$ cat coords.txt   # compact mmCIF, C-alpha atoms and all ligand atoms
# COMPACT_ATOMS: atom_id res chain seq x y z
CA MET P 247 0.00 0.00 0.00
CA ALA P 248 1.42 3.41 -0.94
CA SER P 249 2.02 5.62 2.09
CA SER P 250 0.41 9.06 2.10
CA PRO P 251 2.76 11.85 0.99
CA ASP P 252 4.43 13.87 3.72
CA ALA P 253 4.15 17.64 4.08
CA ASN P 254 7.28 18.37 2.01
CA GLU P 255 6.08 16.18 -0.80
CA ILE P 256 2.66 17.89 -0.79
CA GLU P 257 4.32 21.31 -0.86
CA SER P 258 6.55 20.39 -3.78
CA ARG P 259 3.56 19.02 -5.71
CA ALA P 260 1.71 22.26 -5.00
CA ARG P 261 4.69 24.30 -6.19
CA ALA P 262 4.79 22.29 -9.41
CA HIS P 263 1.08 22.93 -10.07
CA ILE P 264 1.57 26.67 -9.51
CA ALA P 265 4.74 26.83 -11.63
CA ALA P 266 2.97 25.16 -14.55
CA ALA P 267 -0.25 27.19 -14.29
CA ARG P 268 -1.13 29.83 -16.88
CA ARG P 269 -4.26 30.93 -15.05
CA ILE P 270 -4.47 31.13 -11.28
CA VAL P 271 -7.35 32.10 -9.03
CA VAL P 272 -6.78 32.68 -5.33
CA LEU P 273 -9.74 32.54 -2.93
CA THR P 274 -9.13 33.81 0.59
CA GLY P 275 -11.13 33.91 3.80
CA ALA P 276 -10.76 35.24 7.30
CA GLY P 277 -7.87 32.87 8.11
CA VAL P 278 -5.49 34.81 5.85
CA SER P 279 -5.91 37.85 8.12
CA ALA P 280 -5.88 35.97 11.43
CA GLU P 281 -2.14 36.48 11.89
CA SER P 282 -2.63 40.21 11.28
CA GLY P 283 -4.88 40.27 14.34
CA VAL P 284 -8.29 40.26 12.61
CA PRO P 285 -10.56 37.73 14.34
CA THR P 286 -12.05 34.96 12.19
CA PHE P 287 -15.79 34.29 12.24
CA ARG P 288 -15.98 30.65 13.26
CA GLY P 289 -13.72 28.56 15.46
CA PRO P 290 -11.79 29.46 18.64
CA GLY P 291 -11.87 33.18 19.35
CA GLY P 292 -14.11 33.70 16.31
CA LEU P 293 -16.40 36.70 16.02
CA TRP P 294 -19.46 34.53 16.30
CA ARG P 295 -18.50 32.41 19.29
CA SER P 296 -20.82 34.40 21.53
CA ARG P 297 -23.46 35.53 19.01
CA ARG P 298 -25.37 33.89 16.23
CA PRO P 299 -24.71 35.30 12.73
CA GLU P 300 -28.44 35.89 12.29
CA GLU P 301 -28.34 38.29 15.22
CA LEU P 302 -25.87 40.62 13.55
CA ALA P 303 -25.09 39.91 9.91
CA THR P 304 -28.52 40.02 8.30
CA PRO P 305 -30.74 42.81 6.94
CA GLU P 306 -33.39 41.69 9.43
CA ALA P 307 -31.00 42.25 12.34
CA PHE P 308 -30.24 45.74 11.07
CA ALA P 309 -33.94 46.56 10.66
CA ARG P 310 -34.64 45.25 14.18
CA ASP P 311 -31.73 46.84 16.03
CA PRO P 312 -29.45 49.03 13.87
CA ARG P 313 -27.71 50.37 16.98
CA LEU P 314 -26.55 46.89 18.06
CA VAL P 315 -25.37 46.03 14.55
CA TRP P 316 -23.48 49.34 14.24
CA GLU P 317 -21.89 48.77 17.63
CA TRP P 318 -20.45 45.48 16.37
CA TYR P 319 -19.22 46.97 13.08
CA ALA P 320 -17.77 50.07 14.75
CA TRP P 321 -15.77 47.78 17.04
CA ARG P 322 -14.60 45.67 14.09
CA ARG P 323 -13.61 48.80 12.12
CA SER P 324 -11.46 49.88 15.03
CA VAL P 325 -9.82 46.43 15.19
CA VAL P 326 -9.10 46.42 11.44
CA ALA P 327 -7.76 49.99 11.56
CA GLY P 328 -4.99 48.73 13.85
CA CYS P 329 -4.01 45.82 11.59
CA ALA P 330 -1.48 45.59 8.77
CA PRO P 331 -1.08 43.09 5.95
CA ASN P 332 0.99 40.03 6.88
CA ALA P 333 3.52 38.01 4.90
CA ALA P 334 0.77 35.93 3.29
CA HIS P 335 -1.09 39.02 1.97
CA LEU P 336 2.21 40.34 0.60
CA ALA P 337 3.21 37.03 -1.03
CA LEU P 338 -0.22 36.85 -2.73
CA ALA P 339 0.08 40.45 -3.95
CA ARG P 340 3.53 39.69 -5.37
CA LEU P 341 2.33 36.50 -7.04
CA ALA P 342 0.22 38.51 -9.43
CA LEU P 343 3.13 40.84 -10.26
CA ALA P 344 5.88 38.22 -10.51
CA ARG P 345 4.07 35.91 -12.87
CA ARG P 346 2.74 38.37 -15.44
CA PRO P 347 2.53 38.73 -18.40
CA HIS P 348 2.71 34.95 -18.84
CA THR P 349 0.18 34.10 -16.15
CA SER P 350 -3.09 35.72 -15.25
CA THR P 351 -3.77 35.77 -11.53
CA LEU P 352 -7.04 36.86 -9.95
CA LEU P 353 -7.35 37.30 -6.22
CA VAL P 354 -10.87 36.86 -4.87
CA THR P 355 -11.49 37.54 -1.21
CA GLN P 356 -14.43 37.04 1.10
CA ASN P 357 -12.75 39.39 3.56
CA VAL P 358 -14.05 42.88 4.16
CA ASP P 359 -10.91 44.08 5.99
CA GLY P 360 -9.15 45.67 2.97
CA LEU P 361 -5.79 44.08 3.85
CA HIS P 362 -5.31 42.59 0.36
CA HIS P 363 -5.75 46.14 -1.00
CA CYS P 364 -3.10 47.45 1.40
CA ALA P 365 -0.74 44.62 0.40
CA ALA P 366 -1.29 45.36 -3.30
CA ASP P 367 -0.41 49.02 -2.65
CA LEU P 368 2.77 48.01 -0.84
CA ALA P 369 3.78 45.49 -3.51
CA ALA P 370 2.96 47.90 -6.32
CA ARG P 371 5.24 50.72 -5.29
CA ASP P 372 7.64 50.05 -8.15
CA ALA P 373 5.30 48.11 -10.40
CA ASP P 374 4.11 49.42 -13.72
CA PRO P 375 1.26 48.94 -14.41
CA ALA P 376 -0.07 48.57 -10.89
CA PRO P 377 -1.41 45.16 -9.92
CA ALA P 378 -5.07 44.32 -10.22
CA TYR P 379 -6.89 44.75 -6.95
CA PRO P 380 -8.73 41.84 -5.34
CA LEU P 381 -12.37 41.16 -5.99
CA GLU P 382 -14.09 41.68 -2.65
CA VAL P 383 -17.15 39.48 -2.95
CA HIS P 384 -18.57 40.36 0.50
CA GLY P 385 -17.89 44.10 0.32
CA ALA P 386 -15.68 46.36 2.41
CA ILE P 387 -16.06 47.26 6.07
CA HIS P 388 -14.47 50.69 5.62
CA ARG P 389 -17.29 51.85 3.28
CA ASP P 390 -20.84 52.87 4.12
CA ARG P 391 -23.91 52.38 1.96
CA CYS P 392 -27.31 54.04 2.31
CA SER P 393 -29.93 51.46 3.29
CA ARG P 394 -32.52 53.48 1.32
CA CYS P 395 -30.86 54.83 -1.88
CA ALA P 396 -27.72 52.58 -1.92
CA ARG P 397 -25.34 55.55 -2.28
CA ARG P 398 -21.82 54.51 -1.24
CA THR P 399 -19.52 56.69 0.83
CA GLN P 400 -16.24 56.40 2.67
CA GLY P 401 -17.05 54.95 6.09
CA LEU P 402 -16.97 57.26 9.08
CA SER P 403 -14.19 56.44 11.50
CA ALA P 404 -16.23 57.42 14.55
CA ILE P 405 -19.79 56.13 14.86
CA ASP P 406 -21.93 57.37 17.72
CA THR P 407 -23.85 54.27 18.79
CA THR P 408 -25.21 55.71 22.05
CA SER P 409 -28.73 55.92 20.58
CA GLU P 410 -30.52 55.12 17.33
CA ASP P 411 -31.10 58.86 16.64
CA ARG P 412 -27.35 59.42 16.47
CA LEU P 413 -26.54 56.71 13.91
CA PRO P 414 -25.06 58.00 10.63
CA ARG P 415 -27.48 59.05 7.87
CA CYS P 416 -27.23 59.52 4.11
CA GLU P 417 -26.48 63.10 2.99
CA SER P 418 -28.66 62.64 -0.10
CA CYS P 419 -31.86 61.06 1.21
CA GLY P 420 -31.59 60.90 5.01
CA GLY P 421 -31.78 57.09 5.05
CA LEU P 422 -29.79 55.16 7.63
CA LEU P 423 -26.27 54.34 6.55
CA ARG P 424 -25.05 50.76 6.97
CA PRO P 425 -21.68 49.07 6.41
CA ASP P 426 -21.15 48.24 2.72
CA VAL P 427 -20.89 44.50 3.30
CA VAL P 428 -22.97 41.51 2.15
CA TRP P 429 -25.13 40.00 4.83
CA PHE P 430 -26.79 36.57 4.87
CA GLY P 431 -29.77 36.46 2.53
CA GLU P 432 -28.43 39.35 0.42
CA SER P 433 -27.23 38.89 -3.13
CA LEU P 434 -23.59 39.36 -3.99
CA ASP P 435 -22.74 41.88 -6.71
CA ALA P 436 -23.59 40.04 -9.95
CA ASP P 437 -20.66 41.45 -11.98
CA ILE P 438 -18.09 40.63 -9.30
CA LEU P 439 -19.48 37.13 -8.89
CA GLU P 440 -19.49 36.52 -12.63
CA GLU P 441 -15.87 37.64 -12.93
CA ALA P 442 -14.83 35.32 -10.07
CA PHE P 443 -16.65 32.26 -11.43
CA ASP P 444 -15.55 32.96 -14.97
CA ALA P 445 -11.88 33.09 -13.91
CA ALA P 446 -12.25 30.00 -11.70
CA SER P 447 -13.87 28.03 -14.51
CA ARG P 448 -10.82 28.73 -16.71
CA ALA P 449 -8.13 28.41 -14.02
CA ASP P 450 -5.43 25.74 -13.97
CA VAL P 451 -5.04 26.27 -10.23
CA CYS P 452 -7.36 27.60 -7.54
CA LEU P 453 -5.41 28.35 -4.35
CA VAL P 454 -7.78 28.52 -1.37
CA VAL P 455 -6.39 30.12 1.79
CA GLY P 456 -7.99 30.38 5.23
CA THR P 457 -11.66 29.81 4.62
CA SER P 458 -14.05 27.40 6.32
CA ALA P 459 -15.66 26.97 2.88
CA VAL P 460 -19.19 26.90 4.27
CA VAL P 461 -20.60 30.20 3.00
CA TYR P 462 -22.13 30.16 -0.46
CA PRO P 463 -21.87 31.11 -3.25
CA ALA P 464 -18.17 31.88 -2.55
CA ALA P 465 -17.55 28.31 -1.36
CA ALA P 466 -18.48 27.05 -4.83
CA ILE P 467 -15.69 29.02 -6.59
CA PRO P 468 -13.09 26.20 -6.26
CA GLU P 469 -15.69 23.75 -7.59
CA ALA P 470 -15.65 25.66 -10.89
CA THR P 471 -11.90 25.01 -11.21
CA LEU P 472 -12.30 21.32 -10.36
CA ALA P 473 -15.11 21.03 -12.93
CA ARG P 474 -12.79 22.14 -15.76
CA GLY P 475 -10.04 19.73 -14.62
CA GLY P 476 -7.91 22.27 -12.73
CA ALA P 477 -6.25 21.70 -9.36
CA VAL P 478 -7.47 23.04 -6.03
CA ILE P 479 -4.78 23.66 -3.43
CA GLU P 480 -6.07 24.33 0.07
CA VAL P 481 -4.06 26.07 2.81
CA ASN P 482 -5.67 25.77 6.23
CA PRO P 483 -4.59 24.51 9.65
CA ASP P 484 -7.88 22.59 9.87
CA VAL P 485 -9.91 20.22 7.74
CA THR P 486 -12.84 21.89 5.94
CA PRO P 487 -15.71 20.62 3.77
CA LEU P 488 -13.48 21.43 0.79
CA THR P 489 -10.65 19.15 1.98
CA PRO P 490 -11.97 15.86 0.55
CA ARG P 491 -12.45 17.57 -2.84
CA ALA P 492 -9.12 19.43 -2.87
CA THR P 493 -6.30 18.15 -5.06
CA LEU P 494 -3.77 19.01 -2.35
CA SER P 495 -4.20 20.23 1.23
CA LEU P 496 -1.40 22.04 3.01
CA ARG P 497 -1.92 21.98 6.78
CA GLY P 498 -0.54 25.17 8.28
CA THR P 499 -1.28 28.80 8.87
CA ALA P 500 -1.27 31.31 6.04
CA VAL P 501 1.94 33.02 7.19
CA GLU P 502 3.75 29.70 7.71
CA THR P 503 2.64 28.30 4.39
CA VAL P 504 1.86 30.83 1.68
CA PRO P 505 5.18 32.76 1.43
CA ALA P 506 7.12 29.44 1.40
CA LEU P 507 4.80 28.01 -1.24
CA LEU P 508 5.04 31.05 -3.52
CA GLY P 509 8.60 32.09 -2.72
C1 LIG J 601 -6.61 29.98 9.23
C2 LIG J 601 -5.82 30.59 10.19
C3 LIG J 601 -4.53 30.99 9.81
C4 LIG J 601 -7.72 30.17 11.08
N1 LIG J 601 -4.12 30.76 8.55
N2 LIG J 601 -6.18 29.75 8.01
C5 LIG J 601 -26.22 27.19 -0.83
C6 LIG J 601 -26.27 26.22 0.14
C7 LIG J 601 -26.58 26.53 1.48
C8 LIG J 601 -26.84 27.86 1.84
C9 LIG J 601 -26.79 28.83 0.86
C10 LIG J 601 -26.49 28.50 -0.44
N3 LIG J 601 -26.48 29.65 -1.18
C11 LIG J 601 -26.76 30.70 -0.35
C12 LIG J 601 -26.97 30.21 0.89
C13 LIG J 601 -27.29 31.02 2.10
C14 LIG J 601 -26.07 31.68 2.70
C15 LIG J 601 -25.08 30.60 3.14
O1 LIG J 601 -24.07 30.34 2.53
N4 LIG J 601 -25.37 29.94 4.25
C16 LIG J 601 -24.49 28.87 4.78
C17 LIG J 601 -23.65 29.40 5.94
C18 LIG J 601 -25.35 27.72 5.18
N5 LIG J 601 -25.47 32.61 1.75
C19 LIG J 601 -25.92 33.86 1.59
O2 LIG J 601 -26.90 34.25 2.18
C20 LIG J 601 -25.19 34.73 0.60
N6 LIG J 601 -26.15 35.35 -0.27
C21 LIG J 601 -26.71 34.70 -1.29
O3 LIG J 601 -26.35 33.60 -1.63
O4 LIG J 601 -27.71 35.42 -1.93
C22 LIG J 601 -28.63 34.69 -2.75
C23 LIG J 601 -29.47 33.82 -1.82
C24 LIG J 601 -30.06 34.38 -0.71
C25 LIG J 601 -30.82 33.58 0.17
C26 LIG J 601 -30.95 32.21 -0.08
C27 LIG J 601 -30.33 31.65 -1.20
C28 LIG J 601 -29.59 32.47 -2.09
C29 LIG J 601 -24.49 35.88 1.31
C30 LIG J 601 -23.40 35.43 2.19
C31 LIG J 601 -22.80 36.64 2.90
C32 LIG J 601 -21.76 36.24 3.93
N7 LIG J 601 -21.45 37.39 4.72
C33 LIG J 601 -20.43 37.26 5.75
C34 LIG J 601 -20.43 38.57 6.57
C35 LIG J 601 -19.80 39.69 5.75
C36 LIG J 601 -19.81 40.99 6.47
C37 LIG J 601 -18.99 40.96 7.71
O5 LIG J 601 -17.76 40.74 7.67
O6 LIG J 601 -19.56 41.20 8.77
O7 LIG J 601 -19.14 37.03 5.17
S1 LIG J 601 -20.66 35.83 6.78
C38 LIG J 601 -18.94 35.53 7.03
O8 LIG J 601 -18.61 34.23 6.49
C39 LIG J 601 -18.21 36.56 6.17
C40 LIG J 601 -17.13 35.72 5.56
O9 LIG J 601 -16.64 36.34 4.37
C41 LIG J 601 -17.82 34.40 5.33
C42 LIG J 601 -16.88 33.25 5.18
O10 LIG J 601 -16.16 33.02 6.35
P1 LIG J 601 -14.61 32.61 6.26
O11 LIG J 601 -13.85 33.69 5.62
O12 LIG J 601 -14.50 31.29 5.66
O13 LIG J 601 -14.18 32.62 7.81
P2 LIG J 601 -14.38 31.48 8.91
O14 LIG J 601 -14.19 32.11 10.24
O15 LIG J 601 -15.62 30.72 8.70
O16 LIG J 601 -13.19 30.46 8.64
C43 LIG J 601 -11.84 30.82 8.88
C44 LIG J 601 -10.97 29.69 8.39
O17 LIG J 601 -9.61 30.09 8.55
C45 LIG J 601 -11.13 28.38 9.20
O18 LIG J 601 -11.23 27.29 8.28
C46 LIG J 601 -9.83 28.27 10.01
O19 LIG J 601 -9.39 26.92 10.18
C47 LIG J 601 -8.88 29.03 9.14
N8 LIG J 601 -7.77 29.66 9.86
N9 LIG J 601 -6.50 30.65 11.39
C48 LIG J 601 -4.94 30.11 7.71
N10 LIG J 601 -3.67 31.60 10.70
ZN ZN J 602 -29.59 57.64 0.64
$ encode --input "coords.txt" --output "structure tokens"
Amino acid sequence: MASSPDANEIESRARAHIAAARRIVVLTGAGVSAESGVPTFRGPGGLWRSRRPEELATPEAFARDPRLVWEWYAWRRSVVAGCAPNAAHLALARLALARRPHTSTLLVTQNVDGLHHCAADLAARDADPAPAYPLEVHGAIHRDRCSRCARRTQGLSAIDTTSEDRLPRCESCGGLLRPDVVWFGESLDADILEEAFDAASRADVCLVVGTSAVVYPAAAIPEATLARGGAVIEVNPDVTPLTPRATLSLRGTAVETVPALLG
């Protein structure tokens, strides 16, 4: 009986897939930012250990108690404001630069923390043209959107959550502002989603970093790569529902694994 490959063997197979790929899609989740100090959603220390997602990350929750929802997002904004991209964000930003023009690389993130954007800015200092920015399929926590007219604005850094009357309002129509993120039961931006699935369905490799792979439709992105015969490489310290389907699974944190894999 053949023994299962050890971690070094899996990493070298993953490197070979990436080296040979002409089209790469990267899908990231909260785990890629964990070592920057941004809490994940599920698992130990996750944002939802003490609250159910339906209490906070749904349009119904916002309609019921916008003050409570804003309190949570204002706290998370302050956490993210104190965080910087880590070595995994930077290695992923450089991947896109290093491999072009021979390889197309698209970074798709479920994260709303903006750290892939910051990493792209850092990596792009000397790059011409600048790298493509990630597709943020679940929005961005640092932006606001009017819950009535949908006008988007730069998010306010200080939100007064002491009473509902003091919550931020739209300058155009007076509607309540909300964070510009995608909550459960809300549709993702159709153009962004189409671009992500289109790239995944043509990719030779889909590299999936730090997601529990339970939230749809984002969790189906790697399936599009598998369906066209491409390889899915998962980086995660834990097993996920994607693991049995993945071509290769690298067990480790993003910072331990991604720079070494792409270096
Ligand atoms: C590390 C690490 C380290 C830790 N290094 N790794 C099909 C089937 C079933 C249900 C549905 C379906 N289609 C739609 C649904 C309903 C729903 C859904 O998916 N529900 C399931 C949960 C059951 N989806 C939706 O409602 C979506 N809308 C939609 O589909 O519209 C059409 C429609 C509507 C209604 C019905 C049917 C269709 C919208 C989903 C929006 C998700 N929004 C959130 C909040 C965003 C705003 C905010 O930030 O507050 O997005 S939920 C939350 O989960 C957030 C994340 O982006 C998302 C994914 O989480 P992620 O990133 O995977 O984080 P974790 O914490 O779960 O996992 C972290 C991972 O990292 C773990 O695996 C760790 O091991 C690992 N890790 N340390 C590397 N150092
Ligand atoms: Zn408005």
$ atom_distance --input "coords.txt" --atom1 "atom CA of Ala334 of chain P" --atom2 "atom C39 of ligand LIG 601 (chain J)"
19.2 Å
$ residues_near_ligand --input "coords.txt" --ligand "ligand ZN 602 (chain J)" --cutoff "10 Å" --atoms "only C-alpha atoms and all ligand atoms" --output "list in words"
Arg391, Cys392, Ser393, Arg394, Cys395, Ala396, Arg397, Arg398, Arg415, Cys416, Glu417, Ser418, Cys419, Gly420, Gly421, Leu422 and Leu423 of chain P
$ atom_distance --input "coords.txt" --atom1 "atom CA of Ser403 of chain P" --atom2 "atom CA of Arg313 of chain P"
15.8 Å
$ residues_near_ligand --input "coords.txt" --ligand "ligand LIG 601 (chain J)" --cutoff "6 Å" --atoms "all atoms listed in the file" --output "JSON, numbers by chain"
{"P": [275, 276, 277, 278, 280, 281, 286, 287, 288, 303, 356, 357, 358, 384, 427, 428, 429, 430, 431, 432, 433, 456, 457, 458, 459, 460, 461, 462, 463, 482, 483, 484, 499, 500]}
$ atom_distance --input "coords.txt" --atom1 "atom CA of Gly401 of chain P" --atom2 "atom CA of His388 of chain P"
5.0 Å
$ residues_around --input "coords.txt" --residues "Val272 of chain P" --least-positions-apart "6" --cutoff "9 Å" --atoms "all atoms listed in the file" --output "ChimeraX atom specification"
/P:338,351-355,446,451-455
$ residues_around --input "coords.txt" --residues "Ala260 of chain P" --least-positions-apart "3" --cutoff "8 Å" --atoms "all atoms listed in the file" --output "list of chain:residue names"
P:Ile256, P:Glu257, P:His263, P:Ile264, P:Ile479, P:Leu494, P:Leu507
$ write_last_selection --input "coords.txt" --atoms "C-alpha atoms" --output "tab-separated table (two decimals), in the coordinates of the input"
chain	number	residue	atom	x	y	z
P	256	ILE	CA	2.66	17.89	-0.79
P	257	GLU	CA	4.32	21.31	-0.86
P	263	HIS	CA	1.08	22.93	-10.07
P	264	ILE	CA	1.57	26.67	-9.51
P	479	ILE	CA	-4.78	23.66	-3.43
P	494	LEU	CA	-3.77	19.01	-2.35
P	507	LEU	CA	4.80	28.01	-1.24
$ build_atoms --input "coords.txt" --residues "segment 430-452 of chain P" --atoms "N, CA and C atoms" --output "compact mmCIF listing (two decimals), keeping the file's coordinate frame"
# COMPACT_ATOMS: atom_id res chain seq x y z
N PHE P 430 -26.07 37.80 5.23
CA PHE P 430 -26.79 36.57 4.87
C PHE P 430 -28.15 36.93 4.26
N GLY P 431 -28.48 36.23 3.19
CA GLY P 431 -29.77 36.46 2.53
C GLY P 431 -29.70 37.57 1.50
N GLU P 432 -28.59 38.29 1.43
CA GLU P 432 -28.43 39.35 0.42
C GLU P 432 -27.64 38.80 -0.77
N SER P 433 -27.95 39.34 -1.94
CA SER P 433 -27.23 38.89 -3.13
C SER P 433 -25.86 39.54 -3.21
N LEU P 434 -24.90 38.78 -3.72
CA LEU P 434 -23.59 39.36 -3.99
C LEU P 434 -23.68 40.14 -5.30
N ASP P 435 -22.77 41.09 -5.49
CA ASP P 435 -22.74 41.88 -6.71
C ASP P 435 -22.60 40.92 -7.91
N ALA P 436 -23.53 41.02 -8.86
CA ALA P 436 -23.59 40.04 -9.95
C ALA P 436 -22.34 40.11 -10.84
N ASP P 437 -21.84 41.32 -11.10
CA ASP P 437 -20.66 41.45 -11.98
C ASP P 437 -19.42 40.87 -11.33
N ILE P 438 -19.26 41.15 -10.04
CA ILE P 438 -18.09 40.63 -9.30
C ILE P 438 -18.14 39.10 -9.27
N LEU P 439 -19.33 38.60 -8.99
CA LEU P 439 -19.48 37.13 -8.89
C LEU P 439 -19.22 36.47 -10.24
N GLU P 440 -19.71 37.09 -11.29
CA GLU P 440 -19.49 36.52 -12.63
C GLU P 440 -18.00 36.49 -12.97
N GLU P 441 -17.31 37.59 -12.64
CA GLU P 441 -15.87 37.64 -12.93
C GLU P 441 -15.12 36.54 -12.16
N ALA P 442 -15.50 36.34 -10.89
CA ALA P 442 -14.83 35.32 -10.07
C ALA P 442 -15.08 33.91 -10.62
N PHE P 443 -16.34 33.61 -10.92
CA PHE P 443 -16.65 32.26 -11.43
C PHE P 443 -16.08 32.03 -12.82
N ASP P 444 -16.10 33.08 -13.62
CA ASP P 444 -15.55 32.96 -14.97
C ASP P 444 -14.06 32.63 -14.90
N ALA P 445 -13.32 33.35 -14.05
CA ALA P 445 -11.88 33.09 -13.91
C ALA P 445 -11.65 31.69 -13.33
N ALA P 446 -12.44 31.31 -12.33
CA ALA P 446 -12.25 30.00 -11.70
C ALA P 446 -12.54 28.87 -12.68
N SER P 447 -13.50 29.10 -13.58
CA SER P 447 -13.87 28.03 -14.51
C SER P 447 -12.86 27.92 -15.65
N ARG P 448 -11.88 28.84 -15.71
CA ARG P 448 -10.82 28.73 -16.71
C ARG P 448 -9.45 28.52 -16.06
N ALA P 449 -9.42 28.45 -14.72
CA ALA P 449 -8.13 28.41 -14.02
C ALA P 449 -7.50 27.02 -14.04
N ASP P 450 -6.17 27.00 -14.11
CA ASP P 450 -5.43 25.74 -13.97
C ASP P 450 -5.29 25.40 -12.48
N VAL P 451 -5.21 26.46 -11.68
CA VAL P 451 -5.04 26.27 -10.23
C VAL P 451 -5.95 27.24 -9.49
N CYS P 452 -6.65 26.74 -8.48
CA CYS P 452 -7.36 27.60 -7.54
C CYS P 452 -6.71 27.38 -6.17
